[in-house]
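S.K.: Right, I'll just put the structure down here and ask away after.
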Amino acid sequence: MSVVILGGNECMVRKYKDLCKEYQCQAKVFAKPNGSLKNKIGSPDLMVCFTSTMSHKRLRSALNEIKGQDTVVAHCPTSSISALRTVLETHVSQ
């Protein structure tokens with residue numbers, strides 16, 4: 001399963017990826033805005049949006065990129081590891 005994580009803390013990127021690996025998921029993490037998301041997201045199975053650390057403009061851009069795909073979008077108000085674990089437990093079948 002592929003996961004894209006938008007927002008979050010830059011110092012937690014490695015921990016986000018390690019947690020996704022525990023759930024047998026491949027993760028792409030975009031913690032800070034580095035230009036356009038066009039052609040970077042791809043077609044993930046799950047997209048996690050840490051809404052407290054990202055702008056509305058970036059969220060709209062990401063949602064437009066996955067429009068028409070069967071990607072599940074999970075909005076999470078905090079960018080903690082426990083919040084990501086809860087999202088993964090909910091959406092990833094082990």
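Chain lettering (A, B, ...) mirrors the order of the structure tokens, residue numbering begins at 1 for each chain separately, and ligand numbering begins at 1 in order of display.
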Would you pick out the contacts of A:Val87 at 9 Å or less, using only C-alpha atoms, so that residues sharing its chain but fewer than 2 positions from it are not included, and give the list as an MDAnalysis selection string?

M.R.: chainID A and resid 48 74:76 82:85 89:92

S.K.: Based on DSSP run over this structure's backbone, return all residues of stretch 44-90 of chain A in alpha helix (DSSP H), as a ChimeraX atom specification.

M.R.: /A:56-65,81-90

S.K.: For the residues in the current selection, export all heavy atoms as a compact mmCIF listing (two decimals), in the first residue's frame.

M.R.:
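Output file part.txt is given in full below:
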```txt
# COMPACT_ATOMS: atom_id res chain seq x y z
N HIS A 56 -4.44 26.00 3.41
CA HIS A 56 -5.62 25.61 2.64
C HIS A 56 -5.28 25.49 1.16
O HIS A 56 -5.78 24.61 0.46
CB HIS A 56 -6.74 26.63 2.83
CG HIS A 56 -7.28 26.67 4.21
ND1 HIS A 56 -8.04 25.68 4.76
CD2 HIS A 56 -7.14 27.61 5.19
CE1 HIS A 56 -8.37 25.99 6.00
NE2 HIS A 56 -7.83 27.16 6.29
N LYS A 57 -4.43 26.37 0.68
CA LYS A 57 -4.04 26.36 -0.73
C LYS A 57 -3.32 25.07 -1.08
O LYS A 57 -3.59 24.46 -2.11
CB LYS A 57 -3.13 27.56 -1.01
CG LYS A 57 -2.71 27.68 -2.44
CD LYS A 57 -1.85 28.91 -2.64
CE LYS A 57 -1.37 29.03 -4.07
NZ LYS A 57 -0.52 30.19 -4.27
N ARG A 58 -2.44 24.61 -0.22
CA ARG A 58 -1.70 23.37 -0.46
C ARG A 58 -2.64 22.17 -0.40
O ARG A 58 -2.50 21.23 -1.19
CB ARG A 58 -0.58 23.23 0.56
CG ARG A 58 0.34 22.08 0.30
CD ARG A 58 1.64 22.30 1.05
NE ARG A 58 2.50 21.17 1.03
CZ ARG A 58 3.34 20.88 0.05
NH1 ARG A 58 3.41 21.67 -0.99
NH2 ARG A 58 4.10 19.82 0.11
N LEU A 59 -3.59 22.19 0.50
CA LEU A 59 -4.56 21.11 0.61
C LEU A 59 -5.41 21.02 -0.66
O LEU A 59 -5.61 19.94 -1.20
CB LEU A 59 -5.44 21.30 1.84
CG LEU A 59 -6.53 20.26 2.06
CD1 LEU A 59 -5.93 18.88 2.26
CD2 LEU A 59 -7.39 20.64 3.25
N ARG A 60 -5.90 22.16 -1.13
CA ARG A 60 -6.68 22.17 -2.37
C ARG A 60 -5.88 21.67 -3.55
O ARG A 60 -6.38 20.93 -4.39
CB ARG A 60 -7.21 23.58 -2.65
CG ARG A 60 -8.50 23.88 -1.92
CD ARG A 60 -9.07 25.22 -2.29
NE ARG A 60 -8.48 26.17 -1.32
CZ ARG A 60 -7.93 27.32 -1.64
NH1 ARG A 60 -7.89 27.73 -2.87
NH2 ARG A 60 -7.42 28.09 -0.71
N SER A 61 -4.61 22.06 -3.62
CA SER A 61 -3.74 21.61 -4.70
C SER A 61 -3.58 20.10 -4.67
O SER A 61 -3.63 19.44 -5.71
CB SER A 61 -2.38 22.30 -4.58
OG SER A 61 -1.46 21.75 -5.47
N ALA A 62 -3.38 19.55 -3.49
CA ALA A 62 -3.21 18.10 -3.36
C ALA A 62 -4.49 17.35 -3.72
O ALA A 62 -4.44 16.31 -4.40
CB ALA A 62 -2.79 17.75 -1.93
N LEU A 63 -5.63 17.87 -3.29
CA LEU A 63 -6.89 17.22 -3.61
C LEU A 63 -7.18 17.27 -5.10
O LEU A 63 -7.77 16.33 -5.66
CB LEU A 63 -8.04 17.84 -2.80
CG LEU A 63 -7.97 17.60 -1.29
CD1 LEU A 63 -9.09 18.36 -0.59
CD2 LEU A 63 -8.04 16.12 -0.98
N ASN A 64 -6.76 18.34 -5.77
CA ASN A 64 -6.94 18.41 -7.22
C ASN A 64 -6.05 17.40 -7.95
O ASN A 64 -6.41 16.90 -9.00
CB ASN A 64 -6.65 19.82 -7.73
CG ASN A 64 -7.77 20.78 -7.43
OD1 ASN A 64 -8.92 20.37 -7.27
ND2 ASN A 64 -7.46 22.05 -7.33
N GLU A 65 -4.89 17.12 -7.39
CA GLU A 65 -3.97 16.15 -8.00
C GLU A 65 -4.52 14.73 -7.99
O GLU A 65 -4.25 13.95 -8.89
CB GLU A 65 -2.61 16.17 -7.31
CG GLU A 65 -1.74 17.33 -7.67
CD GLU A 65 -1.36 17.33 -9.14
OE1 GLU A 65 -0.93 16.29 -9.65
OE2 GLU A 65 -1.50 18.39 -9.77
N ILE A 81 2.93 11.16 16.03
CA ILE A 81 3.08 9.76 15.62
C ILE A 81 1.84 8.95 16.02
O ILE A 81 1.39 8.10 15.26
CB ILE A 81 4.35 9.15 16.27
CG1 ILE A 81 5.59 9.73 15.60
CG2 ILE A 81 4.38 7.64 16.16
CD1 ILE A 81 5.78 9.32 14.17
N SER A 82 1.29 9.23 17.18
CA SER A 82 0.10 8.49 17.62
C SER A 82 -1.10 8.78 16.72
O SER A 82 -1.91 7.89 16.45
CB SER A 82 -0.23 8.80 19.07
OG SER A 82 -0.53 10.15 19.24
N ALA A 83 -1.21 10.00 16.21
CA ALA A 83 -2.29 10.33 15.28
C ALA A 83 -2.11 9.57 13.97
O ALA A 83 -3.07 9.03 13.42
CB ALA A 83 -2.33 11.82 15.03
N LEU A 84 -0.87 9.50 13.49
CA LEU A 84 -0.61 8.75 12.26
C LEU A 84 -0.87 7.27 12.48
O LEU A 84 -1.43 6.59 11.62
CB LEU A 84 0.83 8.98 11.79
CG LEU A 84 1.26 8.23 10.52
CD1 LEU A 84 0.37 8.61 9.34
CD2 LEU A 84 2.71 8.50 10.21
N ARG A 85 -0.49 6.74 13.64
CA ARG A 85 -0.73 5.33 13.95
C ARG A 85 -2.23 5.03 13.94
O ARG A 85 -2.67 4.00 13.41
CB ARG A 85 -0.14 4.97 15.31
CG ARG A 85 -0.32 3.51 15.67
CD ARG A 85 0.37 3.12 16.96
NE ARG A 85 1.81 3.02 16.71
CZ ARG A 85 2.72 3.77 17.29
NH1 ARG A 85 2.38 4.69 18.18
NH2 ARG A 85 4.00 3.60 17.02
N THR A 86 -3.04 5.94 14.48
CA THR A 86 -4.49 5.75 14.50
C THR A 86 -5.05 5.72 13.08
O THR A 86 -5.88 4.87 12.76
CB THR A 86 -5.16 6.89 15.29
OG1 THR A 86 -4.63 6.90 16.61
CG2 THR A 86 -6.66 6.71 15.35
N VAL A 87 -4.56 6.60 12.23
CA VAL A 87 -5.02 6.62 10.83
C VAL A 87 -4.62 5.33 10.12
O VAL A 87 -5.43 4.72 9.41
CB VAL A 87 -4.44 7.85 10.08
CG1 VAL A 87 -4.69 7.74 8.60
CG2 VAL A 87 -5.04 9.12 10.63
N LEU A 88 -3.39 4.88 10.33
CA LEU A 88 -2.94 3.65 9.68
C LEU A 88 -3.70 2.43 10.19
O LEU A 88 -4.03 1.53 9.41
CB LEU A 88 -1.43 3.47 9.88
CG LEU A 88 -0.55 4.47 9.15
CD1 LEU A 88 0.92 4.27 9.53
CD2 LEU A 88 -0.72 4.36 7.64
N GLU A 89 -3.98 2.38 11.48
CA GLU A 89 -4.76 1.27 12.02
C GLU A 89 -6.16 1.24 11.44
O GLU A 89 -6.73 0.17 11.21
CB GLU A 89 -4.84 1.35 13.54
CG GLU A 89 -3.56 0.98 14.25
CD GLU A 89 -3.62 1.18 15.75
OE1 GLU A 89 -4.68 1.64 16.26
OE2 GLU A 89 -2.61 0.89 16.41
N THR A 90 -6.72 2.39 11.19
CA THR A 90 -8.06 2.48 10.63
C THR A 90 -8.12 2.08 9.17
O THR A 90 -9.04 1.38 8.75
CB THR A 90 -8.60 3.92 10.79
OG1 THR A 90 -8.54 4.29 12.16
CG2 THR A 90 -10.03 4.03 10.29
```

S.K.: Have a look at atom CA of A:Asp70 and atom CA of A:Asn39 and let me know their distance in Å, one decimal.

M.R.: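 Interatomic distance here is 16.8 Å.
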
S.K.: Any idea what's packed within 12 Å of A:Arg14, counting only C-alpha atoms, ignoring anything in its chain fewer than 2 positions away? Could you give it as a PDB file with C-alpha atoms, in the first residue's frame?

M.R.:
```
ATOM      1  CA  ILE A   5       1.703  12.325   3.999  1.00  0.00           C
ATOM      2  CA  GLY A   8       3.704  17.478   9.641  1.00  0.00           C
ATOM      3  CA  ASN A   9       6.993  18.356  11.260  1.00  0.00           C
ATOM      4  CA  GLU A  10      10.234  18.272   9.289  1.00  0.00           C
ATOM      5  CA  CYS A  11      12.111  16.604  12.139  1.00  0.00           C
ATOM      6  CA  MET A  12       9.553  13.760  12.216  1.00  0.00           C
ATOM      7  CA  TYR A  16       6.648   8.894   9.797  1.00  0.00           C
ATOM      8  CA  LYS A  17       8.362   6.701   7.198  1.00  0.00           C
ATOM      9  CA  ASP A  18       9.453   4.137   9.802  1.00  0.00           C
ATOM     10  CA  LEU A  19       5.917   3.857  11.180  1.00  0.00           C
ATOM     11  CA  CYS A  20       4.510   3.352   7.688  1.00  0.00           C
ATOM     12  CA  LYS A  21       7.114   0.652   7.084  1.00  0.00           C
ATOM     13  CA  ALA A  27       5.459   6.438   2.225  1.00  0.00           C
ATOM     14  CA  LYS A  28       6.177   9.752   0.576  1.00  0.00           C
ATOM     15  CA  VAL A  29       6.301  12.639   3.032  1.00  0.00           C
ATOM     16  CA  PHE A  30       5.947  16.285   2.001  1.00  0.00           C
ATOM     17  CA  ALA A  31       6.439  18.126   5.292  1.00  0.00           C
ATOM     18  CA  ILE A  81       3.078   9.760  15.623  1.00  0.00           C
TER      19      ILE A  81
END
```

S.K.: Just the number, please: distance in Å from atom CA of A:Ser55 to atom CA of A:Gly7, one decimal.

M.R.: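 Distance reported for this atom pair: 8.8 Å.
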
S.K.: Report the residues of stretch 16-80 of chain A whose backbone DSSP state falls under strand (DSSP E), written as a PyMOL selection string.

M.R.: chain A and resi 26-30+46-50+72-76

S.K.: Nearest to A:Lys40 among A:Cys25, A:Met54, A:Val72, A:Leu6, with distances taken over only C-alpha atoms: which residue is it?

M.R.: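 Looking only at the distances to A:Lys40, the closest residue turns out to be A:Leu6.
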